[in-house]
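Participant: Shown below is the structure under consideration.
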Amino acid sequence: MTFFIAAVAAALSYLAGSISAAILVCRLRGLPDPRSTGSGNPGATNVLRTGGKSAAAMTLVGDALKGVIPVVIARLMGLDASVVALVAVAAFLGHLYPVFFNFEGGKGVATALGALLATNITAGLLALLIWLAASLAGRRSSLAALVTFALVPILLLMEAAPVAATAFTLIGVGLFYTHRSNIGRLLNGTEPRIGEKTRTDS
């Protein structure tokens, strides 16, 4: 029964993660499909560059909620910490590989941060502060995300949450993978700053 509950919870979380806030917001606002403009990435950064701040904010909130809601429901149901961690990972994977959009998703930062806030509010708020500080200092959203999620497992271990730390280590690996092109541009100095209109994305 425990395995069945975990499997159902993970499947539903994956489906929630598969809902693309960027695509839905752009359709609602009459903007170009984010997959066919700018960097081609259906995420808040690309929406910012092609649709402006309000559309990007809606996308950011929508993507974050995909991580928050499944984890909150799992916790309210009293599910084991390992199942809650699985739900967080499933939501993240849904965003990266959405079944509703040909498995072509975004890079997962907002969904991962939302899942983290719902998993452990203290670690989540600290991560949010790190992300904001890194964004303001470096003006590159990719760098801010990578720095933040490299530190997240440490924050969770400080909160005595080893299961969550393991899950977010996996999520961190996934984020580094989805940002592999950004890492290359960071190394050669061509990564765009936040808000720049360019065909590359963070």
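Going by the structure tokens order, chains are called A, B, ..., each with residues numbered from 1, while ligands are numbered from 1 in the order shown.
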List the neighbours of Ile154 in chain A out to 10 Å using only C-alpha atoms; skip same-chain residues closer than 4 positions along the sequence, and give me the result as a ChimeraX atom specification.
Facilitator: /A:123,149-150,158-162,165,168-169
Participant: Output the selection as a compact mmCIF listing (two decimals), in the first residue's frame - N, CA and C atoms for each residue.
Facilitator:
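Produced file part27.txt, reproduced below:
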# COMPACT_ATOMS: atom_id res chain seq x y z
N ALA A 123 15.00 26.42 5.03
CA ALA A 123 15.97 26.24 3.95
C ALA A 123 15.51 26.96 2.69
N PHE A 149 21.45 26.40 -5.75
CA PHE A 149 21.15 24.98 -5.60
C PHE A 149 22.38 24.12 -5.34
N ALA A 150 23.55 24.70 -5.50
CA ALA A 150 24.75 24.01 -5.03
C ALA A 150 24.79 24.02 -3.50
N MET A 158 21.68 21.23 7.48
CA MET A 158 21.68 22.09 8.67
C MET A 158 20.34 22.05 9.37
N GLU A 159 19.28 21.75 8.60
CA GLU A 159 17.93 21.63 9.15
C GLU A 159 17.60 20.19 9.56
N ALA A 160 18.62 19.33 9.57
CA ALA A 160 18.46 17.92 9.94
C ALA A 160 17.43 17.24 9.05
N ALA A 161 17.54 17.47 7.74
CA ALA A 161 16.62 16.87 6.77
C ALA A 161 17.43 16.12 5.71
N PRO A 162 18.04 14.99 6.08
CA PRO A 162 18.92 14.28 5.14
C PRO A 162 18.20 13.71 3.93
N ALA A 165 17.70 16.50 1.66
CA ALA A 165 18.99 16.90 1.12
C ALA A 165 19.38 16.00 -0.05
N PHE A 168 17.21 16.95 -3.09
CA PHE A 168 17.60 18.21 -3.72
C PHE A 168 19.02 18.19 -4.26
N THR A 169 19.80 17.21 -3.85
CA THR A 169 21.07 16.98 -4.53
C THR A 169 20.79 16.49 -5.95
Participant: Which neighbours of Val71 in chain A fall inside 12 Å, counting only C-alpha atoms, when residues of the same chain fewer than 3 positions from it are skipped, and could you give them as a ChimeraX atom specification?
Facilitator: /A:9-10,12-14,16-17,64-68,74-92,111-121,164
Participant: Let's have the selection written as a JSON list (two decimals), in the first residue's frame, with C-alpha atoms.
Facilitator:
[["chain", "number", "residue", "atom", "x", "y", "z"],
["A", 9, "ALA", "CA", 1.62, 10.76, -5.42],
["A", 10, "ALA", "CA", 4.68, 10.90, -7.68],
["A", 12, "LEU", "CA", 0.17, 13.21, -9.89],
["A", 13, "SER", "CA", 3.06, 15.49, -8.97],
["A", 14, "TYR", "CA", 4.72, 14.80, -12.32],
["A", 16, "ALA", "CA", 1.23, 18.94, -12.14],
["A", 17, "GLY", "CA", 4.81, 19.75, -13.05],
["A", 64, "ALA", "CA", 6.79, 27.85, -8.40],
["A", 65, "LEU", "CA", 3.27, 26.73, -7.48],
["A", 66, "LYS", "CA", 3.83, 23.52, -9.44],
["A", 67, "GLY", "CA", 6.45, 22.68, -6.85],
["A", 68, "VAL", "CA", 4.62, 24.08, -3.83],
["A", 74, "ALA", "CA", 1.80, 15.34, 0.44],
["A", 75, "ARG", "CA", 2.75, 16.86, 3.78],
["A", 76, "LEU", "CA", -0.86, 17.56, 4.76],
["A", 77, "MET", "CA", -1.63, 13.92, 4.03],
["A", 78, "GLY", "CA", 1.05, 12.95, 6.51],
["A", 79, "LEU", "CA", 3.11, 11.05, 3.96],
["A", 80, "ASP", "CA", 6.58, 9.86, 4.87],
["A", 81, "ALA", "CA", 9.52, 12.21, 4.31],
["A", 82, "SER", "CA", 10.82, 9.95, 1.56],
["A", 83, "VAL", "CA", 7.51, 10.19, -0.30],
["A", 84, "VAL", "CA", 7.44, 13.96, 0.11],
["A", 85, "ALA", "CA", 10.96, 14.07, -1.33],
["A", 86, "LEU", "CA", 9.85, 11.87, -4.23],
["A", 87, "VAL", "CA", 6.94, 14.21, -4.91],
["A", 88, "ALA", "CA", 9.33, 17.18, -5.05],
["A", 89, "VAL", "CA", 11.59, 15.41, -7.55],
["A", 90, "ALA", "CA", 8.58, 14.33, -9.65],
["A", 91, "ALA", "CA", 7.27, 17.90, -9.92],
["A", 92, "PHE", "CA", 10.71, 19.06, -11.01],
["A", 111, "THR", "CA", 9.62, 24.74, -9.66],
["A", 112, "ALA", "CA", 12.60, 23.49, -7.66],
["A", 113, "LEU", "CA", 12.52, 26.57, -5.44],
["A", 114, "GLY", "CA", 8.78, 26.20, -4.89],
["A", 115, "ALA", "CA", 9.22, 22.54, -3.93],
["A", 116, "LEU", "CA", 12.02, 23.51, -1.55],
["A", 117, "LEU", "CA", 9.93, 26.19, 0.17],
["A", 118, "ALA", "CA", 7.14, 23.66, 0.70],
["A", 119, "THR", "CA", 9.56, 20.96, 1.89],
["A", 120, "ASN", "CA", 11.46, 23.06, 4.41],
["A", 121, "ILE", "CA", 10.47, 26.70, 4.81],
["A", 164, "ALA", "CA", 15.29, 16.09, 1.53]]
Participant: Would you mind writing down, as a PyMOL selection string, each residue of range 38-191 of chain A that DSSP on the backbone assigns to helix (DSSP H, G or I)?
Facilitator: chain A and resi 44-51+53-76+81-96+99-101+109-119+121-138+141-158+162-178+180-188
Participant: Any chance you could export the current selection's C-alpha atoms as a short mmCIF file (atom, residue, chain, number, x, y, z; two decimals), in the first residue's frame?
Facilitator:
data_model
loop_
_atom_site.label_atom_id
_atom_site.label_comp_id
_atom_site.auth_asym_id
_atom_site.auth_seq_id
_atom_site.Cartn_x
_atom_site.Cartn_y
_atom_site.Cartn_z
CA ALA A 44 10.27 32.91 -16.88
CA THR A 45 13.57 34.34 -18.14
CA ASN A 46 12.65 33.88 -21.78
CA VAL A 47 9.15 35.24 -21.14
CA LEU A 48 10.74 38.30 -19.49
CA ARG A 49 12.78 38.98 -22.59
CA THR A 50 9.93 38.48 -25.03
CA GLY A 51 6.83 39.46 -23.07
CA LYS A 53 7.90 41.83 -16.49
CA SER A 54 4.24 41.10 -15.73
CA ALA A 55 4.11 38.04 -17.98
CA ALA A 56 7.41 36.82 -16.54
CA ALA A 57 6.12 37.30 -12.99
CA MET A 58 3.00 35.28 -13.77
CA THR A 59 5.17 32.54 -15.25
CA LEU A 60 7.49 32.54 -12.25
CA VAL A 61 4.60 32.23 -9.79
CA GLY A 62 2.92 29.54 -11.85
CA ASP A 63 6.09 27.47 -12.11
CA ALA A 64 6.79 27.85 -8.40
CA LEU A 65 3.27 26.73 -7.48
CA LYS A 66 3.83 23.52 -9.44
CA GLY A 67 6.45 22.68 -6.85
CA VAL A 68 4.62 24.08 -3.83
CA ILE A 69 1.18 22.52 -4.24
CA PRO A 70 2.10 18.82 -4.64
CA VAL A 71 4.55 18.94 -1.74
CA VAL A 72 2.11 20.77 0.53
CA ILE A 73 -0.61 18.22 -0.25
CA ALA A 74 1.80 15.34 0.44
CA ARG A 75 2.75 16.86 3.78
CA LEU A 76 -0.86 17.56 4.76
CA ALA A 81 9.52 12.21 4.31
CA SER A 82 10.82 9.95 1.56
CA VAL A 83 7.51 10.19 -0.30
CA VAL A 84 7.44 13.96 0.11
CA ALA A 85 10.96 14.07 -1.33
CA LEU A 86 9.85 11.87 -4.23
CA VAL A 87 6.94 14.21 -4.91
CA ALA A 88 9.33 17.18 -5.05
CA VAL A 89 11.59 15.41 -7.55
CA ALA A 90 8.58 14.33 -9.65
CA ALA A 91 7.27 17.90 -9.92
CA PHE A 92 10.71 19.06 -11.01
CA LEU A 93 10.96 16.33 -13.64
CA GLY A 94 7.48 17.19 -14.89
CA HIS A 95 8.64 20.72 -15.55
CA LEU A 96 11.75 19.52 -17.38
CA VAL A 99 4.03 15.03 -20.96
CA PHE A 100 1.56 17.65 -22.22
CA PHE A 101 4.17 19.48 -24.33
CA VAL A 109 14.58 26.72 -11.20
CA ALA A 110 11.23 28.16 -10.07
CA THR A 111 9.62 24.74 -9.66
CA ALA A 112 12.60 23.49 -7.66
CA LEU A 113 12.52 26.57 -5.44
CA GLY A 114 8.78 26.20 -4.89
CA ALA A 115 9.22 22.54 -3.93
CA LEU A 116 12.02 23.51 -1.55
CA LEU A 117 9.93 26.19 0.17
CA ALA A 118 7.14 23.66 0.70
CA THR A 119 9.56 20.96 1.89
CA ILE A 121 10.47 26.70 4.81
CA THR A 122 13.67 27.73 6.59
CA ALA A 123 15.97 26.24 3.95
CA GLY A 124 13.67 27.58 1.26
CA LEU A 125 13.76 31.15 2.55
CA LEU A 126 17.53 31.03 2.94
CA ALA A 127 17.84 29.72 -0.61
CA LEU A 128 15.55 32.50 -1.85
CA LEU A 129 17.75 35.10 -0.15
CA ILE A 130 20.86 33.55 -1.69
CA TRP A 131 19.21 33.54 -5.10
CA LEU A 132 18.15 37.18 -4.80
CA ALA A 133 21.59 38.27 -3.58
CA ALA A 134 23.35 36.36 -6.35
CA SER A 135 20.95 37.75 -8.95
CA LEU A 136 21.53 41.32 -7.82
CA ALA A 137 25.28 40.86 -7.57
CA GLY A 138 25.89 39.00 -10.81
CA SER A 141 19.88 34.35 -13.45
CA SER A 142 21.67 31.15 -14.47
CA LEU A 143 24.61 31.85 -12.16
CA ALA A 144 22.27 32.73 -9.30
CA ALA A 145 20.37 29.47 -9.74
CA LEU A 146 23.51 27.35 -9.88
CA VAL A 147 25.07 28.96 -6.82
CA THR A 148 21.82 28.63 -4.87
CA PHE A 149 21.15 24.98 -5.60
CA ALA A 150 24.75 24.01 -5.03
CA LEU A 151 24.19 25.21 -1.45
CA VAL A 152 20.66 23.84 -0.93
CA PRO A 153 21.73 20.34 0.26
CA ILE A 154 23.92 21.97 2.89
CA LEU A 155 21.02 24.14 4.05
CA LEU A 156 18.81 21.06 4.36
CA LEU A 157 21.46 19.13 6.29
CA MET A 158 21.68 22.09 8.67
CA PRO A 162 18.92 14.28 5.14
CA VAL A 163 16.21 12.71 2.96
CA ALA A 164 15.29 16.09 1.53
CA ALA A 165 18.99 16.90 1.12
CA THR A 166 19.39 13.78 -1.01
CA ALA A 167 16.38 14.67 -3.15
CA PHE A 168 17.60 18.21 -3.72
CA THR A 169 21.07 16.98 -4.53
CA LEU A 170 19.44 15.08 -7.40
CA ILE A 171 17.45 18.17 -8.35
CA GLY A 172 20.67 20.21 -8.24
CA VAL A 173 22.34 17.76 -10.61
CA GLY A 174 19.35 18.14 -12.90
CA LEU A 175 19.64 21.91 -12.80
CA PHE A 176 23.32 21.82 -13.67
CA TYR A 177 22.45 19.56 -16.60
CA THR A 178 19.70 21.83 -17.92
CA ARG A 180 24.99 23.17 -19.31
CA SER A 181 24.85 25.67 -22.21
CA ASN A 182 24.63 28.55 -19.72
CA ILE A 183 27.70 27.21 -17.92
CA GLY A 184 29.61 27.31 -21.20
CA ARG A 185 28.58 30.91 -21.79
CA LEU A 186 29.44 31.88 -18.23
CA LEU A 187 32.91 30.45 -18.72
CA ASN A 188 33.50 32.32 -21.96
#
Participant: Go through A:Pro32, A:Phe103, A:Arg140, A:Ala7 one by one, measure the shortest atom-to-atom distance of each to Ile19 in chain A using only C-alpha atoms, and give the residue with the smallest value.
Facilitator: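 Closest residue, counting only C-alpha atoms: A:Phe103.
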Participant: Mind giving me the straight-line distance from CA of Glu104 in chain A to CA of Arg35 in chain A in Å, one decimal?
Facilitator: 8.8 Å
Participant: Can you tell me how far CA of Gly52 in chain A sits from CA of Leu31 in chain A, in Å to one decimal?
Facilitator: 10.0 Å
Participant: Quick check, in Å to one decimal: how far apart do CA of Pro42 in chain A and CA of Ala22 in chain A lie?
Facilitator: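 These two atoms are separated by 5.4 Å.
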